>>> print(open('target_31.txt').read())   # compact mmCIF, C-alpha atoms and all ligand atoms
# COMPACT_ATOMS: atom_id res chain seq x y z
CA MET Y 1 -20.00 3.85 -13.11
CA LYS Y 2 -16.51 5.12 -13.92
CA PHE Y 3 -13.72 5.48 -11.34
CA ASN Y 4 -14.21 9.09 -10.25
CA THR Y 5 -17.96 8.73 -10.00
CA LYS Y 6 -17.45 5.63 -7.85
CA ALA Y 7 -15.03 7.56 -5.62
CA ILE Y 8 -17.83 9.98 -4.82
CA HIS Y 9 -20.87 7.70 -4.85
CA ALA Y 10 -20.02 4.01 -4.32
CA GLY Y 11 -21.49 2.77 -1.03
CA GLN Y 12 -22.79 6.22 -0.17
CA HIS Y 13 -26.43 7.17 0.09
CA PRO Y 14 -28.04 10.10 1.92
CA GLU Y 15 -28.57 8.94 5.49
CA ALA Y 16 -32.13 7.66 6.08
CA THR Y 17 -33.17 9.66 9.16
CA SER Y 18 -31.72 13.08 8.27
CA GLY Y 19 -30.71 13.09 4.60
CA ALA Y 20 -27.08 13.81 5.57
CA VAL Y 21 -25.07 13.67 2.36
CA MET Y 22 -21.92 12.41 4.06
CA PRO Y 23 -22.19 9.07 5.90
CA PRO Y 24 -22.33 10.08 9.59
CA ILE Y 25 -19.73 8.95 12.12
CA PHE Y 26 -21.70 6.26 13.98
CA GLN Y 27 -19.86 6.56 17.28
CA THR Y 28 -21.48 3.60 19.04
CA SER Y 29 -20.26 0.30 20.38
CA THR Y 30 -23.60 -1.50 20.22
CA TYR Y 31 -27.08 -1.42 18.64
CA ALA Y 32 -30.55 -1.82 20.14
CA GLN Y 33 -32.37 -5.07 19.40
CA SER Y 34 -36.16 -5.46 19.52
CA ALA Y 35 -35.85 -9.12 20.57
CA PRO Y 36 -32.70 -11.26 20.86
CA ASN Y 37 -31.00 -11.15 17.45
CA GLN Y 38 -33.76 -8.98 15.95
CA HIS Y 39 -32.01 -5.83 14.76
CA LEU Y 40 -31.53 -3.51 11.80
CA GLY Y 41 -28.44 -5.33 10.51
CA TYR Y 42 -25.90 -4.39 13.17
CA ASP Y 43 -25.56 -6.04 16.57
CA TYR Y 44 -22.13 -5.12 17.96
CA ALA Y 45 -19.63 -2.62 16.54
CA ARG Y 46 -16.64 -4.99 16.45
CA VAL Y 47 -18.58 -6.90 13.81
CA GLY Y 48 -19.95 -3.94 11.89
CA ASN Y 49 -20.56 -0.20 11.86
CA PRO Y 50 -22.45 1.80 9.20
CA THR Y 51 -19.59 4.28 8.69
CA ARG Y 52 -17.25 1.34 8.15
CA THR Y 53 -19.76 -0.34 5.82
CA ALA Y 54 -19.90 2.78 3.63
CA LEU Y 55 -16.09 2.83 3.41
CA GLU Y 56 -15.87 -0.89 2.70
CA GLN Y 57 -18.37 -0.61 -0.13
CA LEU Y 58 -16.47 2.36 -1.52
CA ILE Y 59 -13.08 0.59 -1.55
CA ALA Y 60 -14.65 -2.58 -2.98
CA GLY Y 61 -16.10 -0.43 -5.77
CA LEU Y 62 -12.76 1.21 -6.56
CA GLU Y 63 -10.90 -2.11 -6.65
CA GLY Y 64 -13.65 -3.88 -8.63
CA ALA Y 65 -14.18 -6.35 -5.77
CA GLU Y 66 -17.37 -7.84 -4.44
CA GLN Y 67 -16.30 -7.27 -0.84
CA CYS Y 68 -13.91 -5.29 1.33
CA ALA Y 69 -13.01 -5.43 5.02
CA CYS Y 70 -11.29 -2.56 6.79
CA PHE Y 71 -8.71 -2.79 9.57
CA ALA Y 72 -7.05 -0.66 12.21
CA SER Y 73 -3.85 -0.45 10.11
CA GLY Y 74 -2.19 -1.84 7.01
CA VAL Y 75 -0.26 -4.37 9.09
CA ALA Y 76 -3.46 -5.45 10.87
CA ALA Y 77 -4.94 -6.12 7.41
CA MET Y 78 -1.85 -8.16 6.47
CA ASP Y 79 -1.97 -10.06 9.76
CA ALA Y 80 -5.59 -11.07 9.07
CA ILE Y 81 -4.72 -12.15 5.50
CA LEU Y 82 -1.78 -14.25 6.69
CA LYS Y 83 -4.06 -16.11 9.10
CA TYR Y 84 -5.61 -17.75 6.04
CA LEU Y 85 -2.43 -19.87 6.08
CA ARG Y 86 -1.83 -22.83 8.37
CA PRO Y 87 1.35 -24.25 9.99
CA GLY Y 88 3.36 -26.00 7.29
CA ASP Y 89 2.17 -23.65 4.54
CA HIS Y 90 4.68 -21.73 2.48
CA LEU Y 91 4.51 -18.15 1.27
CA ILE Y 92 6.56 -16.43 -1.44
CA ALA Y 93 7.12 -12.69 -1.13
CA SER Y 94 9.19 -10.09 -2.90
CA ASN Y 95 12.69 -9.48 -1.55
CA ASP Y 96 12.07 -5.74 -1.87
CA ILE Y 97 9.13 -5.14 0.43
CA TYR Y 98 7.98 -2.82 3.25
CA GLY Y 99 10.13 -3.57 6.31
CA GLY Y 100 7.06 -4.10 8.49
CA SER Y 101 5.81 -6.80 6.09
CA TYR Y 102 9.17 -8.56 6.29
CA ARG Y 103 9.06 -8.32 10.10
CA LEU Y 104 5.50 -9.71 10.23
CA PHE Y 105 6.36 -12.68 7.99
CA THR Y 106 9.68 -13.53 9.67
CA GLN Y 107 9.09 -12.65 13.31
CA VAL Y 108 5.38 -13.35 13.83
CA PHE Y 109 4.31 -16.00 11.32
CA ALA Y 110 7.55 -17.98 10.82
CA PRO Y 111 7.57 -19.06 14.51
CA TYR Y 112 4.03 -20.43 13.95
CA GLY Y 113 5.35 -22.65 11.16
CA ILE Y 114 4.54 -20.50 8.15
CA GLU Y 115 7.65 -20.43 6.01
CA CYS Y 116 8.40 -17.47 3.76
CA SER Y 117 10.80 -17.29 0.81
CA PHE Y 118 11.82 -13.83 -0.38
CA VAL Y 119 12.74 -13.62 -4.05
CA ASP Y 120 13.34 -10.97 -6.68
CA MET Y 121 9.88 -11.05 -8.28
CA THR Y 122 10.99 -9.07 -11.32
CA ASP Y 123 12.50 -12.40 -12.44
CA LEU Y 124 9.54 -14.78 -12.82
CA SER Y 125 11.84 -17.80 -13.11
CA LEU Y 126 13.01 -17.16 -9.53
CA VAL Y 127 9.41 -17.22 -8.30
CA GLU Y 128 8.79 -20.41 -10.24
CA ALA Y 129 11.90 -21.98 -8.70
CA ALA Y 130 10.72 -21.03 -5.20
CA LEU Y 131 7.34 -22.78 -5.61
CA LYS Y 132 6.79 -25.87 -3.44
CA PRO Y 133 3.82 -28.20 -3.03
CA SER Y 134 3.15 -26.34 0.24
CA THR Y 135 3.10 -22.86 -1.38
CA LYS Y 136 -0.30 -21.41 -0.54
CA MET Y 137 0.24 -17.70 -1.11
CA ILE Y 138 2.19 -15.38 -3.41
CA TRP Y 139 2.59 -11.94 -1.85
CA ILE Y 140 3.15 -9.24 -4.45
CA GLU Y 141 4.11 -5.67 -3.69
CA THR Y 142 4.34 -3.44 -6.76
CA PRO Y 143 5.77 -0.86 -7.13
CA THR Y 144 8.04 -2.20 -4.39
CA ASN Y 145 8.99 -0.31 -1.26
CA PRO Y 146 11.53 1.32 -1.45
CA LEU Y 147 13.23 0.41 -4.76
CA LEU Y 148 10.17 1.00 -6.98
CA ARG Y 149 10.59 -2.26 -8.85
CA ILE Y 150 7.66 -3.36 -11.00
CA VAL Y 151 6.35 -6.90 -10.64
CA ASP Y 152 4.14 -8.55 -13.26
CA ILE Y 153 0.81 -9.02 -11.46
CA SER Y 154 -1.00 -11.03 -14.16
CA ALA Y 155 1.92 -13.43 -14.72
CA LEU Y 156 2.20 -14.12 -10.98
CA ALA Y 157 -1.57 -14.38 -10.54
CA ASP Y 158 -1.54 -17.06 -13.28
CA MET Y 159 1.36 -18.85 -11.62
CA ALA Y 160 -0.45 -18.77 -8.28
CA ARG Y 161 -3.68 -20.10 -9.80
CA GLN Y 162 -1.87 -22.96 -11.54
CA SER Y 163 -0.18 -24.00 -8.31
CA GLY Y 164 -3.26 -23.70 -6.11
CA ALA Y 165 -1.96 -20.66 -4.23
CA LEU Y 166 -3.70 -17.37 -3.47
CA SER Y 167 -2.24 -14.23 -5.09
CA VAL Y 168 -2.29 -11.15 -2.86
CA VAL Y 169 -1.23 -7.70 -4.03
CA ASP Y 170 -0.21 -4.91 -1.66
CA ASN Y 171 -1.46 -2.00 -3.77
CA THR Y 172 -0.41 0.72 -1.33
CA PHE Y 173 2.17 2.48 -3.56
CA ALA Y 174 -0.08 2.68 -6.63
CA SER Y 175 -3.58 3.15 -5.15
CA PRO Y 176 -6.59 1.84 -7.09
CA TYR Y 177 -6.55 5.02 -9.17
CA LEU Y 178 -3.36 3.83 -10.89
CA GLN Y 179 -3.55 0.05 -10.59
CA ARG Y 180 -6.37 -2.45 -10.05
CA PRO Y 181 -4.82 -5.85 -9.35
CA LEU Y 182 -8.09 -7.80 -9.39
CA GLU Y 183 -8.65 -6.74 -13.02
CA LEU Y 184 -5.20 -8.21 -13.71
CA GLY Y 185 -6.25 -11.57 -12.23
CA ALA Y 186 -5.08 -11.31 -8.60
CA ASP Y 187 -7.26 -12.91 -5.90
CA VAL Y 188 -6.86 -10.34 -3.14
CA VAL Y 189 -5.76 -6.71 -2.93
CA MET Y 190 -4.72 -4.95 0.27
CA HIS Y 191 -3.85 -1.40 1.27
CA SER Y 192 -2.19 0.54 3.92
CA ALA Y 193 -5.05 3.03 3.57
CA THR Y 194 -2.94 5.26 5.80
CA LYS Y 195 -1.27 6.35 2.56
CA TYR Y 196 -2.91 7.46 -0.74
CA LEU Y 197 -6.46 6.36 0.12
CA ALA Y 198 -6.77 8.49 3.26
CA GLY Y 199 -4.20 10.85 1.78
CA HIS Y 200 -3.71 13.47 4.50
CA SER Y 201 -1.30 11.85 7.00
CA ASP Y 202 -3.94 11.97 9.71
CA VAL Y 203 -5.07 8.37 10.09
CA ILE Y 204 -3.71 4.80 10.30
CA HIS Y 205 -5.94 2.41 8.39
CA GLY Y 206 -5.93 -0.84 6.39
CA ALA Y 207 -8.20 -2.48 3.82
CA VAL Y 208 -8.54 -5.82 2.04
CA ALA Y 209 -10.74 -6.29 -1.05
CA SER Y 210 -11.55 -9.47 -2.95
CA SER Y 211 -14.27 -11.34 -4.81
CA HIS Y 212 -13.01 -14.69 -3.46
CA SER Y 213 -16.00 -15.51 -1.26
CA GLU Y 214 -14.40 -18.29 0.80
CA PHE Y 215 -11.37 -16.07 1.54
CA MET Y 216 -13.57 -13.11 2.49
CA GLU Y 217 -15.72 -15.26 4.75
CA LYS Y 218 -12.57 -16.32 6.63
CA LEU Y 219 -11.32 -12.74 6.70
CA ARG Y 220 -14.61 -11.51 8.19
CA PHE Y 221 -14.30 -14.24 10.80
CA GLN Y 222 -10.88 -12.74 11.64
CA VAL Y 223 -12.42 -9.25 11.90
CA LYS Y 224 -15.06 -10.52 14.31
CA THR Y 225 -12.82 -12.85 16.29
CA THR Y 226 -9.52 -10.99 16.56
CA GLY Y 227 -11.02 -7.50 16.33
CA ALA Y 228 -8.36 -5.31 14.66
CA ILE Y 229 -11.08 -2.91 13.51
CA PRO Y 230 -10.80 0.78 12.66
CA GLY Y 231 -12.87 3.24 14.66
CA PRO Y 232 -15.74 5.10 12.97
CA MET Y 233 -13.86 8.41 12.98
CA ASP Y 234 -10.94 6.81 11.14
CA CYS Y 235 -13.36 5.27 8.64
CA TYR Y 236 -14.88 8.68 8.07
CA LEU Y 237 -11.47 10.29 7.51
CA THR Y 238 -10.50 7.61 5.00
CA LEU Y 239 -13.83 7.93 3.25
CA ARG Y 240 -13.42 11.69 3.04
CA GLY Y 241 -9.85 11.31 1.76
CA ILE Y 242 -10.86 8.93 -1.02
CA LYS Y 243 -13.21 11.49 -2.54
CA THR Y 244 -10.18 13.47 -3.77
CA LEU Y 245 -7.96 10.46 -4.56
CA SER Y 246 -7.79 11.07 -8.29
CA VAL Y 247 -7.03 14.80 -8.11
CA ARG Y 248 -4.39 14.32 -5.42
CA VAL Y 249 -2.72 11.42 -7.20
CA GLU Y 250 -2.73 13.16 -10.59
CA ARG Y 251 -1.05 16.24 -9.13
CA ALA Y 252 1.47 14.20 -7.12
CA VAL Y 253 2.37 12.05 -10.15
CA SER Y 254 2.86 15.12 -12.31
CA ASN Y 255 5.18 16.59 -9.64
CA ALA Y 256 7.01 13.25 -9.28
CA LYS Y 257 7.72 13.03 -13.02
CA THR Y 258 9.30 16.48 -13.00
CA ILE Y 259 11.32 15.71 -9.87
CA ALA Y 260 12.51 12.32 -11.17
CA GLN Y 261 13.74 14.00 -14.35
CA PHE Y 262 15.47 16.72 -12.33
CA LEU Y 263 17.22 14.15 -10.14
CA ASP Y 264 18.12 11.97 -13.12
CA GLU Y 265 19.95 14.87 -14.76
CA HIS Y 266 21.62 16.11 -11.55
CA ALA Y 267 25.41 15.79 -11.36
CA LYS Y 268 25.28 14.89 -7.65
CA VAL Y 269 22.88 11.96 -8.13
CA SER Y 270 24.15 8.50 -9.07
CA GLN Y 271 20.91 6.53 -9.54
CA VAL Y 272 17.18 7.30 -9.64
CA HIS Y 273 14.52 4.63 -9.16
CA TYR Y 274 11.27 5.82 -10.73
CA PRO Y 275 9.21 3.62 -13.08
CA GLY Y 276 8.28 6.65 -15.19
CA LEU Y 277 11.87 7.07 -16.39
CA ALA Y 278 12.45 5.38 -19.76
CA HIS Y 279 15.63 3.65 -18.47
CA HIS Y 280 13.82 2.05 -15.49
CA PRO Y 281 13.85 -1.74 -16.04
CA GLY Y 282 10.12 -1.95 -15.25
CA HIS Y 283 9.08 1.02 -17.41
CA GLU Y 284 7.31 -0.97 -20.14
CA LEU Y 285 5.57 -3.28 -17.67
CA ALA Y 286 4.47 -0.28 -15.59
CA LYS Y 287 2.96 1.25 -18.74
CA ARG Y 288 0.95 -1.93 -19.28
CA GLN Y 289 -0.30 -2.64 -15.77
CA MET Y 290 -0.56 0.87 -14.29
CA ASP Y 291 -2.46 3.91 -15.51
CA ASP Y 292 0.46 6.12 -14.49
CA PHE Y 293 3.78 5.75 -12.68
CA GLY Y 294 3.03 6.89 -9.14
CA ALA Y 295 4.59 9.54 -6.94
CA MET Y 296 7.27 7.60 -5.05
CA ILE Y 297 10.93 8.02 -6.01
CA SER Y 298 14.12 6.70 -4.48
CA PHE Y 299 17.67 7.67 -5.33
CA THR Y 300 21.30 7.60 -4.29
CA LEU Y 301 23.78 10.45 -4.32
CA SER Y 302 27.08 10.33 -6.20
CA ASP Y 303 28.67 10.59 -2.75
CA ASP Y 304 27.23 7.14 -2.06
CA THR Y 305 27.49 7.16 1.75
CA GLN Y 306 24.95 7.10 4.55
CA GLU Y 307 26.51 10.28 5.97
CA ALA Y 308 25.95 12.23 2.75
CA ALA Y 309 22.38 10.89 2.50
CA SER Y 310 21.64 11.84 6.14
CA ALA Y 311 23.06 15.31 5.64
CA PHE Y 312 20.91 15.74 2.51
CA MET Y 313 17.74 14.63 4.34
CA SER Y 314 18.29 17.03 7.20
CA ARG Y 315 18.66 19.96 4.79
CA THR Y 316 15.25 19.82 3.05
CA ARG Y 317 12.52 22.20 4.18
CA TYR Y 318 9.33 21.20 2.42
CA PHE Y 319 10.24 17.53 2.21
CA THR Y 320 9.71 16.65 5.87
CA LEU Y 321 11.95 13.87 7.20
CA ALA Y 322 9.37 11.30 8.29
CA GLU Y 323 8.13 7.74 7.76
CA SER Y 324 4.99 7.13 5.68
CA LEU Y 325 3.91 8.30 2.24
CA GLY Y 326 0.94 9.13 0.09
CA GLY Y 327 -0.17 12.27 1.91
CA VAL Y 328 -0.64 15.71 0.39
CA GLU Y 329 2.67 16.85 1.86
CA SER Y 330 6.05 15.76 0.52
CA LEU Y 331 8.14 13.50 2.76
CA ILE Y 332 11.73 12.33 2.64
CA SER Y 333 13.02 9.25 4.44
CA HIS Y 334 15.97 6.95 4.99
CA PRO Y 335 14.60 3.42 4.41
CA ALA Y 336 17.63 1.54 5.77
CA SER Y 337 17.28 3.02 9.27
CA MET Y 338 13.58 3.93 9.30
CA THR Y 339 10.91 1.92 7.43
CA HIS Y 340 13.22 -1.02 6.67
CA GLY Y 341 15.34 -0.94 9.83
CA SER Y 342 14.01 -4.31 10.99
CA ILE Y 343 15.46 -6.12 7.94
CA PRO Y 344 18.97 -7.39 8.74
CA LYS Y 345 21.63 -5.36 6.93
CA ASP Y 346 22.96 -8.31 4.89
CA VAL Y 347 19.41 -9.22 3.74
CA ARG Y 348 18.71 -5.59 2.89
CA GLU Y 349 21.88 -5.22 0.92
CA ALA Y 350 21.38 -8.49 -0.96
CA SER Y 351 18.08 -7.08 -2.25
CA GLY Y 352 19.80 -3.87 -3.37
CA LEU Y 353 18.68 -1.60 -0.51
CA LYS Y 354 21.77 0.42 0.36
CA ASP Y 355 22.35 2.50 3.50
CA SER Y 356 22.73 5.49 1.18
CA LEU Y 357 19.24 5.22 -0.37
CA ILE Y 358 16.94 8.24 -0.02
CA ARG Y 359 13.17 7.88 -0.55
CA LEU Y 360 10.75 10.63 -1.53
CA SER Y 361 6.97 10.66 -1.25
CA VAL Y 362 6.07 13.51 -3.57
CA GLY Y 363 3.12 15.59 -2.45
CA ILE Y 364 0.89 18.11 -4.17
CA GLU Y 365 2.78 21.35 -3.42
CA ASP Y 366 3.98 23.55 -6.30
CA VAL Y 367 6.69 21.60 -8.06
CA GLU Y 368 8.94 24.67 -8.44
CA ASP Y 369 9.14 24.93 -4.64
CA LEU Y 370 9.85 21.22 -4.30
CA ILE Y 371 12.65 21.37 -6.88
CA ALA Y 372 14.13 24.46 -5.22
CA ASP Y 373 14.02 22.62 -1.89
CA LEU Y 374 15.94 19.64 -3.26
CA ASP Y 375 18.32 21.87 -5.19
CA ALA Y 376 19.21 23.76 -1.99
CA ALA Y 377 19.80 20.45 -0.16
CA PHE Y 378 22.46 19.49 -2.74
CA ALA Y 379 24.40 22.64 -2.05
O1 LIG E 401 1.51 1.60 8.46
P1 LIG E 401 0.37 0.68 8.15
O2 LIG E 401 -0.90 1.37 7.81
O3 LIG E 401 0.19 -0.39 9.18
O4 LIG E 401 0.76 -0.05 6.76
C1 LIG E 401 1.85 -0.90 6.61
C2 LIG E 401 2.34 -0.91 5.18
C3 LIG E 401 1.92 -1.94 4.34
N1 LIG E 401 2.33 -1.98 3.05
C4 LIG E 401 3.15 -1.06 2.53
C5 LIG E 401 3.60 -1.16 1.11
C6 LIG E 401 3.60 0.00 3.32
O5 LIG E 401 4.41 0.92 2.77
C7 LIG E 401 3.18 0.08 4.69
C8 LIG E 401 3.64 1.17 5.58
N2 LIG E 401 4.73 1.88 5.10
C9 LIG E 401 5.34 2.94 5.69
C10 LIG E 401 4.99 3.43 6.89
C11 LIG E 401 6.44 3.53 4.92
O6 LIG E 401 6.86 4.68 5.23
O7 LIG E 401 6.91 2.88 3.99
>>> encode(input="target_31.txt", output="structure tokens")
Amino acid sequence: MKFNTKAIHAGQHPEATSGAVMPPIFQTSTYAQSAPNQHLGYDYARVGNPTRTALEQLIAGLEGAEQCACFASGVAAMDAILKYLRPGDHLIASNDIYGGSYRLFTQVFAPYGIECSFVDMTDLSLVEAALKPSTKMIWIETPTNPLLRIVDISALADMARQSGALSVVDNTFASPYLQRPLELGADVVMHSATKYLAGHSDVIHGAVASSHSEFMEKLRFQVKTTGAIPGPMDCYLTLRGIKTLSVRVERAVSNAKTIAQFLDEHAKVSQVHYPGLAHHPGHELAKRQMDDFGAMISFTLSDDTQEAASAFMSRTRYFTLAESLGGVESLISHPASMTHGSIPKDVREASGLKDSLIRLSVGIEDVEDLIADLDAAFA
């Protein structure tokens, strides 16, 4: 089955009692048993729910994984993955990463004795230098949030394998339509499904997919034992969103390419970060490991100040000033004070994230209107 056929059919069968084409929302907390532990496959809804099962099989199909587990949010998914580590273990992550990931690693797991080194993963020698005998996980985010750097998944997956560490890829910015990390050799892929997978800015959701059976067994234990599960309605919304993943992403990417070009040529813009631009340092690598360049862009103005950036962001009409990304509507945001506000300023700046950076999540509106919106905000 090819990708778009999987997006419609993987894990989905007409429902047995009614023939419903869409998997129903099984709004139940528990399931009847004919005798203790004699049941139809579900005993208690923290452990499993048929709507969730359909979604998990769908995401596993799209990522080419044997299994998937869904979570109440992207950070809940990350939290469950990180619990694979033990006190004394070491983790290497990218120095350009979602602010909530940085906060989770440094403020939740570091106090439990899990050490994290943040390095510029576009330079593989820096990752190699950060490896220690205790390194048990390499956490890859690519394209990175918010600087859209491209990290070599297969090279890092090899490095992880050789050093006995697990490679995990946060595939939120690309979506499985544009990038399938497991095919590139990674062990685990995770999503903030809140973004492109669900795609309509109406649900918070997370997912983890892998064919590493020992890892998935431990992850399912986390699902059952710590319980950060999504509700059936949220599973349904994500499932429904995924059916149009390819058409939404194709349109958004096409819009993003036009907008990146427009910004790149604009006299009032100093720098554009978009892997689809030929001068982007990760352009060639993105061509190899992604099917297209995505719909996230970040840039700085030639008036390189936070004040000018803030004024710009408050002038757009169709680009709504808001956190998040990957929905059908275009969003604009200020990473330094919003999504990455929990990273100390000196750490942020050392990774290249300036207070003047503006981030765009390009949606599927008509690109002429989006360009006119940005053009007016420059005025
Ligand atoms: O918001 P949540 O579903 O919990 O997902 C967290 C998360 C994980 N990974 C990446 C790469 C992310 O970008 C996010 C969430 N990011 C935003 C809300 C944002 O605007 O960048």
>>> atom_distance(input="target_31.txt", atom1="CA of Ser117 in chain Y", atom2="CA of Leu85 in chain Y")
14.5 Å
>>> residues_near_ligand(input="target_31.txt", ligand="ligand LIG 401 (chain E)", cutoff="8 Å", atoms="all atoms listed in the file", output="PDB file with C-alpha atoms, in the coordinates of the input")
ATOM      1  CA  ALA Y  72      -7.050  -0.660  12.210  1.00  0.00           C
ATOM      2  CA  SER Y  73      -3.850  -0.450  10.110  1.00  0.00           C
ATOM      3  CA  GLY Y  74      -2.190  -1.840   7.010  1.00  0.00           C
ATOM      4  CA  VAL Y  75      -0.260  -4.370   9.090  1.00  0.00           C
ATOM      5  CA  ALA Y  76      -3.460  -5.450  10.870  1.00  0.00           C
ATOM      6  CA  ALA Y  77      -4.940  -6.120   7.410  1.00  0.00           C
ATOM      7  CA  MET Y  78      -1.850  -8.160   6.470  1.00  0.00           C
ATOM      8  CA  ILE Y  97       9.130  -5.140   0.430  1.00  0.00           C
ATOM      9  CA  TYR Y  98       7.980  -2.820   3.250  1.00  0.00           C
ATOM     10  CA  GLY Y  99      10.130  -3.570   6.310  1.00  0.00           C
ATOM     11  CA  GLY Y 100       7.060  -4.100   8.490  1.00  0.00           C
ATOM     12  CA  SER Y 101       5.810  -6.800   6.090  1.00  0.00           C
ATOM     13  CA  GLU Y 141       4.110  -5.670  -3.690  1.00  0.00           C
ATOM     14  CA  THR Y 144       8.040  -2.200  -4.390  1.00  0.00           C
ATOM     15  CA  ASN Y 145       8.990  -0.310  -1.260  1.00  0.00           C
ATOM     16  CA  PRO Y 146      11.530   1.320  -1.450  1.00  0.00           C
ATOM     17  CA  ASP Y 170      -0.210  -4.910  -1.660  1.00  0.00           C
ATOM     18  CA  ASN Y 171      -1.460  -2.000  -3.770  1.00  0.00           C
ATOM     19  CA  THR Y 172      -0.410   0.720  -1.330  1.00  0.00           C
ATOM     20  CA  PHE Y 173       2.170   2.480  -3.560  1.00  0.00           C
ATOM     21  CA  HIS Y 191      -3.850  -1.400   1.270  1.00  0.00           C
ATOM     22  CA  SER Y 192      -2.190   0.540   3.920  1.00  0.00           C
ATOM     23  CA  ALA Y 193      -5.050   3.030   3.570  1.00  0.00           C
ATOM     24  CA  THR Y 194      -2.940   5.260   5.800  1.00  0.00           C
ATOM     25  CA  LYS Y 195      -1.270   6.350   2.560  1.00  0.00           C
ATOM     26  CA  ILE Y 204      -3.710   4.800  10.300  1.00  0.00           C
ATOM     27  CA  HIS Y 205      -5.940   2.410   8.390  1.00  0.00           C
ATOM     28  CA  GLY Y 206      -5.930  -0.840   6.390  1.00  0.00           C
ATOM     29  CA  ALA Y 322       9.370  11.300   8.290  1.00  0.00           C
ATOM     30  CA  GLU Y 323       8.130   7.740   7.760  1.00  0.00           C
ATOM     31  CA  SER Y 324       4.990   7.130   5.680  1.00  0.00           C
ATOM     32  CA  LEU Y 325       3.910   8.300   2.240  1.00  0.00           C
ATOM     33  CA  SER Y 333      13.020   9.250   4.440  1.00  0.00           C
ATOM     34  CA  PRO Y 335      14.600   3.420   4.410  1.00  0.00           C
ATOM     35  CA  MET Y 338      13.580   3.930   9.300  1.00  0.00           C
ATOM     36  CA  THR Y 339      10.910   1.920   7.430  1.00  0.00           C
ATOM     37  CA  HIS Y 340      13.220  -1.020   6.670  1.00  0.00           C
TER      38      HIS Y 340
END
>>> atom_distance(input="target_31.txt", atom1="CA of Lys268 in chain Y", atom2="CA of Leu147 in chain Y")
19.1 Å
>>> closest_residue(input="target_31.txt", among="Y:Phe262, Y:Leu40, Y:Val328, Y:Leu353", to="Glu368 in chain Y", atoms="all atoms listed in the file")
Y:Phe262
>>> closest_atom_pairs(input="target_31.txt", of="range 293-353 of chain Y", to="range 231-246 of chain Y", cutoff="12 Å", atoms="only C-alpha atoms", output="tab-separated table")
residue	atom	partner	partner_atom	distance
Y:Gly294	CA	Y:Ser246	CA	11.6
Y:Gly326	CA	Y:Leu245	CA	10.1
Y:Gly327	CA	Y:Gly241	CA	9.7
Y:Val328	CA	Y:Leu245	CA	10.3
>>> residues_near_point(input="target_31.txt", point="(3.4, -11.1, -2.5)", cutoff="12 Å", atoms="only C-alpha atoms", output="MDAnalysis selection string")
chainID Y and resid 78 81:82 90:98 101:102 105 116:122 127 135:144 151:153 156:157 160 165:171 181 186:190
>>> closest_residue(input="target_31.txt", among="Y:Thr316, Y:Ser337, Y:Asn4, Y:Thr30", to="Ala372 in chain Y", atoms="only C-alpha atoms")
Y:Thr316
>>> closest_residue(input="target_31.txt", among="Y:Ile8, Y:Ala336, Y:Val249, Y:Val367", to="Arg348 in chain Y", atoms="only C-alpha atoms")
Y:Ala336
>>> atom_distance(input="target_31.txt", atom1="CA of Ala130 in chain Y", atom2="CA of Glu349 in chain Y")
20.3 Å
>>> closest_residue(input="target_31.txt", among="Y:Arg251, Y:Gly185, Y:Gln289, Y:Tyr42", to="Arg161 in chain Y", atoms="only C-alpha atoms")
Y:Gly185
>>> closest_residue(input="target_31.txt", among="Y:Val253, Y:Val247, Y:Val208, Y:Ala80", to="Thr225 in chain Y", atoms="only C-alpha atoms")
Y:Ala80
>>> residues_around(input="target_31.txt", residues="range 302-304 of chain Y", least_positions_apart="3", cutoff="12 Å", atoms="all atoms listed in the file", output="PyMOL selection string")
chain Y and resi 263-264+266-272+299+307-312+354-358+378
>>> write_last_selection(input="target_31.txt", atoms="C-alpha atoms", output="tab-separated table (two decimals), keeping the file's coordinate frame")
chain	number	residue	atom	x	y	z
Y	263	LEU	CA	17.22	14.15	-10.14
Y	264	ASP	CA	18.12	11.97	-13.12
Y	266	HIS	CA	21.62	16.11	-11.55
Y	267	ALA	CA	25.41	15.79	-11.36
Y	268	LYS	CA	25.28	14.89	-7.65
Y	269	VAL	CA	22.88	11.96	-8.13
Y	270	SER	CA	24.15	8.50	-9.07
Y	271	GLN	CA	20.91	6.53	-9.54
Y	272	VAL	CA	17.18	7.30	-9.64
Y	299	PHE	CA	17.67	7.67	-5.33
Y	307	GLU	CA	26.51	10.28	5.97
Y	308	ALA	CA	25.95	12.23	2.75
Y	309	ALA	CA	22.38	10.89	2.50
Y	310	SER	CA	21.64	11.84	6.14
Y	311	ALA	CA	23.06	15.31	5.64
Y	312	PHE	CA	20.91	15.74	2.51
Y	354	LYS	CA	21.77	0.42	0.36
Y	355	ASP	CA	22.35	2.50	3.50
Y	356	SER	CA	22.73	5.49	1.18
Y	357	LEU	CA	19.24	5.22	-0.37
Y	358	ILE	CA	16.94	8.24	-0.02
Y	378	PHE	CA	22.46	19.49	-2.74
>>> closest_residue(input="target_31.txt", among="Y:Thr258, Y:Thr226, Y:Gln27, Y:Ser201", to="Thr51 in chain Y", atoms="all atoms listed in the file")
Y:Gln27
>>> residues_near_point(input="target_31.txt", point="(13.3, 4.9, -7.9)", cutoff="9 Å", atoms="only C-alpha atoms", output="list in words")
Pro146, Leu147, Leu148, Arg149, Ala260, Gln271, Val272, His273, Tyr274, Pro275, Leu277, His280, Met296, Ile297, Ser298, Phe299, Arg359 and Leu360 of chain Y
